[in-house]
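*Asks:* Structure file protein.cif (mmCIF, C-alpha atoms) is given on the next line.
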```cif
data_data
#
loop_
_atom_site.label_atom_id
_atom_site.label_comp_id
_atom_site.auth_asym_id
_atom_site.auth_seq_id
_atom_site.Cartn_x
_atom_site.Cartn_y
_atom_site.Cartn_z
CA MET A 25 1.27 -1.49 -1.07
CA ARG A 26 3.18 1.56 0.18
CA LEU A 27 1.27 4.79 0.83
CA LEU A 28 2.50 8.33 1.39
CA LEU A 29 0.11 10.16 3.72
CA VAL A 30 0.42 13.96 3.51
CA GLU A 31 -1.55 15.35 6.45
CA ASP A 32 -0.65 18.08 8.95
CA ASP A 33 -3.36 17.21 11.50
CA HIS A 34 -1.26 15.06 13.83
CA SER A 35 -4.13 13.26 15.59
CA LEU A 36 -5.90 12.46 12.31
CA ALA A 37 -2.63 11.32 10.72
CA GLN A 38 -1.82 9.03 13.63
CA GLY A 39 -5.27 7.50 13.47
CA LEU A 40 -4.99 6.94 9.72
CA VAL A 41 -1.51 5.44 10.00
CA LYS A 42 -2.76 3.00 12.62
CA ALA A 43 -5.92 2.07 10.70
CA LEU A 44 -4.18 1.71 7.33
CA SER A 45 -1.32 -0.29 8.86
CA PHE A 46 -3.89 -2.65 10.37
CA GLU A 47 -5.23 -3.15 6.84
CA SER A 48 -1.73 -4.24 5.70
CA PHE A 49 -0.69 -0.98 4.04
CA ILE A 50 2.76 0.43 4.69
CA VAL A 51 2.35 4.13 5.49
CA ASP A 52 4.97 6.88 5.38
CA HIS A 53 3.62 10.09 6.91
CA VAL A 54 4.74 13.67 6.28
CA ALA A 55 3.09 16.94 7.34
CA THR A 56 4.27 19.44 4.70
CA GLY A 57 4.16 19.82 0.95
CA ARG A 58 7.93 20.06 0.62
CA GLU A 59 8.40 16.80 2.50
CA ALA A 60 5.73 15.21 0.30
CA LEU A 61 7.49 16.21 -2.92
CA HIS A 62 10.80 14.88 -1.61
CA VAL A 63 9.40 11.52 -0.45
CA ALA A 64 7.14 11.04 -3.49
CA ALA A 65 10.22 11.14 -5.70
CA SER A 66 11.06 7.67 -4.39
CA ASP A 67 10.11 4.78 -6.63
CA GLU A 68 8.93 2.92 -3.52
CA ILE A 69 5.72 4.98 -3.13
CA ASN A 70 2.64 3.42 -4.78
CA ILE A 71 -0.17 5.83 -3.81
CA VAL A 72 -0.28 9.34 -2.33
CA ILE A 73 -3.08 10.44 0.04
CA LEU A 74 -2.90 14.22 -0.08
CA ASP A 75 -4.55 16.78 2.19
CA LEU A 76 -5.01 20.19 0.58
CA GLY A 77 -4.71 22.33 3.72
CA LEU A 78 -0.97 22.10 4.33
CA PRO A 79 1.06 24.62 6.40
CA ASP A 80 3.76 25.48 3.86
CA MET A 81 1.99 25.37 0.48
CA ASP A 82 -1.43 24.74 -0.97
CA GLY A 83 -2.16 21.07 -1.62
CA LEU A 84 -3.21 21.85 -5.17
CA GLU A 85 0.28 23.27 -5.81
CA VAL A 86 1.76 20.07 -4.39
CA LEU A 87 -0.47 18.06 -6.72
CA LYS A 88 0.58 20.20 -9.69
CA ARG A 89 4.27 19.68 -8.93
CA LEU A 90 3.77 15.94 -8.37
CA ARG A 91 2.16 15.65 -11.76
CA SER A 92 4.91 17.62 -13.47
CA HIS A 93 7.42 15.00 -12.33
CA ASN A 94 5.32 11.84 -12.29
CA LYS A 95 2.13 11.51 -14.29
CA GLN A 96 1.51 7.90 -13.26
CA LEU A 97 1.67 8.04 -9.44
CA PRO A 98 -1.94 7.77 -8.14
CA VAL A 99 -3.07 10.62 -5.87
CA LEU A 100 -6.15 10.48 -3.67
CA VAL A 101 -7.07 13.95 -2.42
CA LEU A 102 -8.35 13.96 1.15
CA THR A 103 -9.66 17.36 2.29
CA ALA A 104 -12.25 19.41 4.15
CA ARG A 105 -12.76 21.57 1.06
CA VAL A 106 -16.16 20.56 -0.29
CA GLU A 107 -16.82 23.33 -2.82
CA LEU A 108 -17.35 22.15 -6.39
CA ASP A 109 -14.64 24.44 -7.75
CA ASP A 110 -12.05 22.88 -5.42
CA ARG A 111 -13.03 19.36 -6.44
CA VAL A 112 -12.94 20.24 -10.14
CA ALA A 113 -9.55 21.97 -9.74
CA GLY A 114 -8.08 18.93 -8.02
CA LEU A 115 -9.36 16.51 -10.62
CA ASP A 116 -8.22 18.76 -13.47
CA LEU A 117 -4.72 18.91 -11.97
CA GLY A 118 -4.51 15.11 -12.05
CA ALA A 119 -6.03 13.74 -8.85
CA ASP A 120 -7.24 10.16 -9.29
CA ASP A 121 -9.92 10.44 -6.63
CA TYR A 122 -11.35 12.93 -4.15
CA LEU A 123 -12.68 12.17 -0.66
CA ALA A 124 -14.13 14.90 1.55
CA LYS A 125 -13.66 15.06 5.32
CA PRO A 126 -15.21 13.78 7.47
CA PHE A 127 -15.17 10.34 5.89
CA ASP A 128 -15.75 6.73 6.87
CA MET A 129 -12.72 4.47 6.95
CA PRO A 130 -14.44 1.67 4.94
CA GLU A 131 -14.98 4.14 2.08
CA LEU A 132 -11.33 5.22 2.08
CA LEU A 133 -10.23 1.57 2.04
CA ALA A 134 -12.63 0.79 -0.81
CA ARG A 135 -11.27 3.69 -2.86
CA LEU A 136 -7.70 2.56 -2.23
CA ARG A 137 -8.61 -0.94 -3.42
CA VAL A 138 -10.04 0.58 -6.61
CA ILE A 139 -6.74 2.39 -7.20
CA GLU A 140 -4.86 -0.87 -6.55
CA ARG A 141 -6.91 -2.53 -9.27
CA ARG A 142 -6.17 0.32 -11.66
CA LEU A 143 -2.47 -0.15 -10.94
CA GLY A 144 -2.81 -3.79 -11.86
CA THR A 145 -1.41 -4.96 -8.54
CA SER A 146 -4.77 -6.37 -7.57
CA PHE A 147 -7.43 -7.07 -10.21
CA SER A 148 -9.98 -8.03 -7.56
CA ASN A 149 -10.18 -8.50 -3.83
CA ASP A 150 -9.39 -12.20 -4.33
CA LEU A 151 -5.98 -13.55 -5.25
CA GLN A 152 -6.15 -17.21 -6.21
CA ILE A 153 -3.19 -19.42 -7.10
CA LYS A 154 -3.66 -23.18 -7.14
CA ASP A 155 -5.59 -24.04 -3.96
CA VAL A 156 -4.44 -20.93 -2.08
CA SER A 157 -6.85 -18.00 -1.90
CA LEU A 158 -6.12 -14.62 -0.31
CA ASN A 159 -8.81 -11.94 0.12
CA THR A 160 -7.46 -8.40 0.50
CA ALA A 161 -10.76 -6.96 1.75
CA SER A 162 -11.56 -9.48 4.49
CA HIS A 163 -7.89 -10.32 5.20
CA THR A 164 -8.57 -14.02 5.04
CA LEU A 165 -6.36 -16.78 3.72
CA THR A 166 -7.42 -20.30 2.79
CA SER A 167 -5.64 -23.34 1.42
CA GLY A 168 -7.80 -26.09 -0.02
CA ASN A 169 -10.83 -24.25 1.44
CA GLU A 170 -9.33 -24.54 4.92
CA PRO A 171 -8.78 -21.21 6.74
CA LEU A 172 -5.21 -20.41 7.73
CA ASN A 173 -4.18 -18.23 10.65
CA VAL A 174 -1.31 -15.91 9.72
CA SER A 175 0.13 -12.77 11.26
CA ARG A 176 -0.32 -9.37 9.61
CA LYS A 177 3.28 -9.34 8.35
CA GLU A 178 2.95 -12.90 7.01
CA PHE A 179 -0.21 -11.85 5.19
CA MET A 180 1.59 -8.87 3.67
CA VAL A 181 4.53 -10.98 2.49
CA LEU A 182 2.24 -13.50 0.84
CA LYS A 183 0.11 -10.75 -0.72
CA ALA A 184 3.21 -9.20 -2.27
CA LEU A 185 4.36 -12.56 -3.65
CA MET A 186 0.93 -13.50 -5.03
CA GLU A 187 0.38 -10.07 -6.60
CA ASN A 188 3.71 -10.53 -8.39
CA ALA A 189 3.25 -14.22 -9.21
CA GLY A 190 5.85 -15.42 -11.69
CA LYS A 191 8.28 -12.63 -10.72
CA ILE A 192 11.12 -12.97 -8.25
CA GLN A 193 10.85 -10.67 -5.22
CA THR A 194 14.11 -9.85 -3.49
CA ARG A 195 14.35 -9.49 0.28
CA GLU A 196 14.80 -5.74 -0.16
CA GLN A 197 11.64 -5.48 -2.30
CA LEU A 198 9.64 -7.36 0.30
CA GLU A 199 11.01 -5.20 3.11
CA THR A 200 9.75 -2.03 1.39
CA LYS A 201 6.26 -3.58 1.44
CA LEU A 202 6.51 -4.47 5.14
CA TYR A 203 8.13 -1.52 6.90
CA ALA A 204 7.75 2.25 6.83
CA TRP A 205 10.82 4.49 6.74
CA GLY A 206 12.49 4.72 10.10
CA GLU A 207 10.90 1.50 11.34
CA GLU A 208 13.46 -0.92 12.71
CA VAL A 209 13.87 -4.02 10.57
CA ALA A 210 15.49 -7.21 11.84
CA SER A 211 18.09 -8.53 9.40
CA ASN A 212 16.28 -11.86 8.99
CA ALA A 213 12.68 -10.61 9.27
CA VAL A 214 11.63 -11.63 5.75
CA GLU A 215 13.22 -15.05 6.10
CA VAL A 216 11.34 -15.64 9.37
CA HIS A 217 7.99 -14.70 7.80
CA ILE A 218 8.68 -16.96 4.81
CA HIS A 219 9.60 -19.82 7.16
CA HIS A 220 6.33 -19.47 9.07
CA LEU A 221 4.28 -19.25 5.87
CA ARG A 222 5.87 -22.39 4.44
CA LYS A 223 4.81 -24.37 7.50
CA LYS A 224 1.18 -23.45 6.73
CA LEU A 225 1.08 -23.47 2.91
CA PRO A 226 1.37 -26.35 0.44
CA ASN A 227 4.85 -27.69 -0.16
CA GLN A 228 6.90 -25.60 -2.60
CA PHE A 229 4.20 -22.92 -2.90
CA ILE A 230 6.87 -20.32 -2.08
CA LYS A 231 10.14 -21.12 -3.79
CA THR A 232 13.58 -19.75 -3.00
CA ILE A 233 15.77 -18.56 -5.85
CA ARG A 234 19.11 -18.92 -4.15
CA GLY A 235 21.03 -15.68 -3.88
CA VAL A 236 18.19 -13.67 -5.44
CA GLY A 237 14.87 -13.92 -3.57
CA TYR A 238 11.51 -15.67 -3.50
CA ILE A 239 8.80 -16.49 -6.03
CA VAL A 240 5.26 -17.83 -6.19
CA ASN A 241 4.58 -19.36 -9.59
CA LYS A 242 1.35 -18.52 -11.42
CA SER A 243 0.31 -22.15 -11.75
#
```
Go through the file and emit its structure as structure tokens.
*Replies:*
Amino acid sequence: MRLLLVEDDHSLAQGLVKALSFESFIVDHVATGREALHVAASDEINIVILDLGLPDMDGLEVLKRLRSHNKQLPVLVLTARVELDDRVAGLDLGADDYLAKPFDMPELLARLRVIERRLGTSFSNDLQIKDVSLNTASHTLTSGNEPLNVSRKEFMVLKALMENAGKIQTREQLETKLYAWGEEVASNAVEVHIHHLRKKLPNQFIKTIRGVGYIVNKS
């Protein structure tokens, strides 16, 4: 799941990027409304976390312009504005959720999981295919009820494949779910993660479609 964080408070943004990345989100951060509108135009962004107090334009104007171009992209407004009129204005302009600062990280994560379920990428915290179970809230993975130790990137690769079970995922599609813009990507990074996962998962759980990508079948 790829997030666009629009926040001009550098220290807060850095803390959120670190915390969200730890929770297996890919986070692209910008500090202005103009940057946000440019980046949000990419089909790779799944959710926008939008602060209203931006240096170049009001966050509500950013939200309005986002909605004029994309009515489906989920937007979670994150702001210090707590007045009822501001909350109503944001929701009326198309915000999917509204979280006031200061906030607790577990609540932000819970709200993001709700949006994921609305998107249909995750209908619950548990993804179960055959004997393999992946929990997106606790970040645990089991196979045949036996816990498996995987790295964060391995977890993210498998989550992407299981969320899209029955659909081929190309290397490029998986890379967009693993790395933020500007982050250096090794040419064989996805292949290495798949190799490590296969050593831990049941035989043929992840299949290679030669010349195309990888797939986890629904059953």
*Asks:* Provide an axis-aligned box for all listed atoms of stretch 36-42 of chain A, padding each side by 5 Å; report its centre and its edge lengths in Å to one decimal, as AutoDock Vina command-line options.
*Replies:*
```
--center_x -3.7 --center_y 7.7 --center_z 11.7 --size_x 14.4 --size_y 19.5 --size_z 13.9
```
*Asks:* What does the structure give for the distance between atom CA of A:Arg135 and atom CA of A:Ser66, in Å to one decimal?
*Replies:*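 Answer for the atom CA of A:Arg135 to atom CA of A:Ser66 separation: 22.7 Å.
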*Asks:* So which residues get picked by the PyMOL selection byres ((chain A and resi 78-87) around 10) here, written as a ChimeraX atom specification?
*Replies:* /A:30-33,55-61,72,74-77,88-92,99-103,110,113-115,117-119
*Asks:* Given the PyMOL selection byres ((chain A and resi 129) around 12) and the file above, list the residues it selects as number ranges by chain.
*Replies:* A: 36, 39-44, 46-47, 102, 123-128, 130-136
*Asks:* Applied to this file, what does the PyMOL selection byres ((chain A and resi 224-232) around 9) return in terms of residues, put as a ChimeraX atom specification?
*Replies:* /A:154-156,167,172-174,182,185,192,218,220-223,233-241
*Asks:* Please indicate the distance in Å from atom CA of A:Gln193 to atom CA of A:Val181, rounded to one decimal place.
*Replies:*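 So the two atoms, atom CA of A:Gln193 and atom CA of A:Val181, lie 10.0 Å apart.
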*Asks:* May I ask for the distance between atom CA of A:Leu143 and atom CA of A:Lys242, given in Å to one decimal place?
*Replies:* 18.8 Å
*Asks:* Restricting the calculation to only C-alpha atoms: of A:Ser35, A:Asn149, A:Thr200, A:Thr160, which residue gets closest to A:Asn70?
*Replies:*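 Under the stated criterion, the closest residue is A:Thr200.
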*Asks:* Between A:Lys201, A:Arg137, A:Arg142, A:Lys191, which is the closest to A:Ala161 once you count all atoms listed in the file?
*Replies:*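 Closest residue, counting all atoms listed in the file: A:Arg137.
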*Asks:* Tell me which of A:Leu28, A:Val214, A:Leu165, A:Val112 sits closest to A:Leu97, counting all atoms listed in the file.
*Replies:* A:Leu28
*Asks:* Go through A:Tyr203, A:Val209, A:Val216, A:Asp150 and flag the residue nearest A:Val51, using all atoms listed in the file for the distances.
*Replies:*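 Between A:Tyr203, A:Val209, A:Val216, A:Asp150, the residue approaching A:Val51 most closely is A:Tyr203.
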*Asks:* Up to 7 Å from (10.9, -8.7, 3.6) in the file's coordinates: name the residues, counting all atoms listed in the file, as a short mmCIF file (atom, residue, chain, number, x, y, z; two decimals) with C-alpha atoms, keeping the file's coordinate frame.
*Replies:*
```cif
data_model
loop_
_atom_site.label_atom_id
_atom_site.label_comp_id
_atom_site.auth_asym_id
_atom_site.auth_seq_id
_atom_site.Cartn_x
_atom_site.Cartn_y
_atom_site.Cartn_z
CA VAL A 181 4.53 -10.98 2.49
CA ARG A 195 14.35 -9.49 0.28
CA GLU A 196 14.80 -5.74 -0.16
CA GLN A 197 11.64 -5.48 -2.30
CA LEU A 198 9.64 -7.36 0.30
CA GLU A 199 11.01 -5.20 3.11
CA LEU A 202 6.51 -4.47 5.14
CA ALA A 213 12.68 -10.61 9.27
CA VAL A 214 11.63 -11.63 5.75
#
```
*Asks:* Take stretch 58-69 of chain A, bring it up to all heavy atoms, and give me the output as a PDB file, in the coordinates of the input.
*Replies:*
```pdb
ATOM      1  N   ARG A  58       6.533  20.261   1.040  1.00  0.00           N
ATOM      2  CA  ARG A  58       7.930  20.060   0.620  1.00  0.00           C
ATOM      3  C   ARG A  58       8.409  18.652   0.947  1.00  0.00           C
ATOM      4  O   ARG A  58       9.106  18.013   0.146  1.00  0.00           O
ATOM      5  CB  ARG A  58       8.831  21.106   1.285  1.00  0.00           C
ATOM      6  CG  ARG A  58       8.643  22.508   0.730  1.00  0.00           C
ATOM      7  CD  ARG A  58       9.572  23.526   1.377  1.00  0.00           C
ATOM      8  NE  ARG A  58       9.411  24.847   0.774  1.00  0.00           N
ATOM      9  CZ  ARG A  58       8.469  25.715   1.117  1.00  0.00           C
ATOM     10  NH1 ARG A  58       7.606  25.394   2.070  1.00  0.00           N
ATOM     11  NH2 ARG A  58       8.379  26.882   0.510  1.00  0.00           N
ATOM     12  N   GLU A  59       8.055  18.171   2.141  1.00  0.00           N
ATOM     13  CA  GLU A  59       8.400  16.800   2.500  1.00  0.00           C
ATOM     14  C   GLU A  59       7.731  15.820   1.533  1.00  0.00           C
ATOM     15  O   GLU A  59       8.333  14.825   1.115  1.00  0.00           O
ATOM     16  CB  GLU A  59       7.964  16.494   3.922  1.00  0.00           C
ATOM     17  CG  GLU A  59       8.764  17.172   5.008  1.00  0.00           C
ATOM     18  CD  GLU A  59       8.200  16.868   6.380  1.00  0.00           C
ATOM     19  OE1 GLU A  59       7.021  17.198   6.630  1.00  0.00           O
ATOM     20  OE2 GLU A  59       8.933  16.286   7.200  1.00  0.00           O
ATOM     21  N   ALA A  60       6.480  16.098   1.197  1.00  0.00           N
ATOM     22  CA  ALA A  60       5.730  15.210   0.300  1.00  0.00           C
ATOM     23  C   ALA A  60       6.408  15.090  -1.057  1.00  0.00           C
ATOM     24  O   ALA A  60       6.555  13.992  -1.600  1.00  0.00           O
ATOM     25  CB  ALA A  60       4.305  15.723   0.130  1.00  0.00           C
ATOM     26  N   LEU A  61       6.842  16.229  -1.611  1.00  0.00           N
ATOM     27  CA  LEU A  61       7.490  16.210  -2.920  1.00  0.00           C
ATOM     28  C   LEU A  61       8.807  15.448  -2.874  1.00  0.00           C
ATOM     29  O   LEU A  61       9.155  14.740  -3.826  1.00  0.00           O
ATOM     30  CB  LEU A  61       7.727  17.647  -3.399  1.00  0.00           C
ATOM     31  CG  LEU A  61       6.454  18.447  -3.707  1.00  0.00           C
ATOM     32  CD1 LEU A  61       6.788  19.917  -3.942  1.00  0.00           C
ATOM     33  CD2 LEU A  61       5.736  17.861  -4.918  1.00  0.00           C
ATOM     34  N   HIS A  62       9.531  15.586  -1.759  1.00  0.00           N
ATOM     35  CA  HIS A  62      10.800  14.880  -1.610  1.00  0.00           C
ATOM     36  C   HIS A  62      10.567  13.366  -1.525  1.00  0.00           C
ATOM     37  O   HIS A  62      11.224  12.583  -2.229  1.00  0.00           O
ATOM     38  CB  HIS A  62      11.533  15.372  -0.371  1.00  0.00           C
ATOM     39  CG  HIS A  62      12.777  14.593  -0.057  1.00  0.00           C
ATOM     40  ND1 HIS A  62      13.926  14.683  -0.803  1.00  0.00           N
ATOM     41  CD2 HIS A  62      13.034  13.682   0.927  1.00  0.00           C
ATOM     42  CE1 HIS A  62      14.845  13.875  -0.303  1.00  0.00           C
ATOM     43  NE2 HIS A  62      14.331  13.253   0.743  1.00  0.00           N
ATOM     44  N   VAL A  63       9.627  12.952  -0.665  1.00  0.00           N
ATOM     45  CA  VAL A  63       9.400  11.520  -0.450  1.00  0.00           C
ATOM     46  C   VAL A  63       8.756  10.881  -1.678  1.00  0.00           C
ATOM     47  O   VAL A  63       9.086   9.748  -2.048  1.00  0.00           O
ATOM     48  CB  VAL A  63       8.515  11.294   0.794  1.00  0.00           C
ATOM     49  CG1 VAL A  63       8.193   9.818   0.956  1.00  0.00           C
ATOM     50  CG2 VAL A  63       9.224  11.818   2.036  1.00  0.00           C
ATOM     51  N   ALA A  64       7.843  11.596  -2.335  1.00  0.00           N
ATOM     52  CA  ALA A  64       7.140  11.040  -3.490  1.00  0.00           C
ATOM     53  C   ALA A  64       8.072  10.769  -4.661  1.00  0.00           C
ATOM     54  O   ALA A  64       7.723  10.015  -5.572  1.00  0.00           O
ATOM     55  CB  ALA A  64       6.022  11.982  -3.925  1.00  0.00           C
ATOM     56  N   ALA A  65       9.256  11.378  -4.628  1.00  0.00           N
ATOM     57  CA  ALA A  65      10.220  11.140  -5.700  1.00  0.00           C
ATOM     58  C   ALA A  65      10.781   9.724  -5.645  1.00  0.00           C
ATOM     59  O   ALA A  65      11.380   9.248  -6.615  1.00  0.00           O
ATOM     60  CB  ALA A  65      11.358  12.149  -5.616  1.00  0.00           C
ATOM     61  N   SER A  66      10.581   9.044  -4.518  1.00  0.00           N
ATOM     62  CA  SER A  66      11.060   7.670  -4.390  1.00  0.00           C
ATOM     63  C   SER A  66      10.203   6.728  -5.214  1.00  0.00           C
ATOM     64  O   SER A  66       8.979   6.838  -5.259  1.00  0.00           O
ATOM     65  CB  SER A  66      11.019   7.242  -2.917  1.00  0.00           C
ATOM     66  OG  SER A  66      11.175   5.845  -2.796  1.00  0.00           O
ATOM     67  N   ASP A  67      10.836   5.779  -5.852  1.00  0.00           N
ATOM     68  CA  ASP A  67      10.110   4.780  -6.630  1.00  0.00           C
ATOM     69  C   ASP A  67       9.336   3.804  -5.741  1.00  0.00           C
ATOM     70  O   ASP A  67       8.548   3.003  -6.235  1.00  0.00           O
ATOM     71  CB  ASP A  67      11.071   3.979  -7.517  1.00  0.00           C
ATOM     72  CG  ASP A  67      11.660   4.825  -8.633  1.00  0.00           C
ATOM     73  OD1 ASP A  67      11.019   5.824  -9.010  1.00  0.00           O
ATOM     74  OD2 ASP A  67      12.752   4.488  -9.121  1.00  0.00           O
ATOM     75  N   GLU A  68       9.559   3.869  -4.424  1.00  0.00           N
ATOM     76  CA  GLU A  68       8.930   2.920  -3.520  1.00  0.00           C
ATOM     77  C   GLU A  68       7.474   3.278  -3.206  1.00  0.00           C
ATOM     78  O   GLU A  68       6.715   2.440  -2.733  1.00  0.00           O
ATOM     79  CB  GLU A  68       9.727   2.834  -2.214  1.00  0.00           C
ATOM     80  CG  GLU A  68      11.136   2.298  -2.411  1.00  0.00           C
ATOM     81  CD  GLU A  68      11.963   2.376  -1.145  1.00  0.00           C
ATOM     82  OE1 GLU A  68      11.438   2.895  -0.130  1.00  0.00           O
ATOM     83  OE2 GLU A  68      13.115   1.927  -1.160  1.00  0.00           O
ATOM     84  N   ILE A  69       7.072   4.536  -3.441  1.00  0.00           N
ATOM     85  CA  ILE A  69       5.720   4.980  -3.130  1.00  0.00           C
ATOM     86  C   ILE A  69       4.760   4.531  -4.223  1.00  0.00           C
ATOM     87  O   ILE A  69       5.000   4.750  -5.407  1.00  0.00           O
ATOM     88  CB  ILE A  69       5.659   6.509  -2.969  1.00  0.00           C
ATOM     89  CG1 ILE A  69       6.565   6.965  -1.819  1.00  0.00           C
ATOM     90  CG2 ILE A  69       4.224   6.968  -2.730  1.00  0.00           C
ATOM     91  CD1 ILE A  69       6.185   6.395  -0.471  1.00  0.00           C
TER      92      ILE A  69
END
```
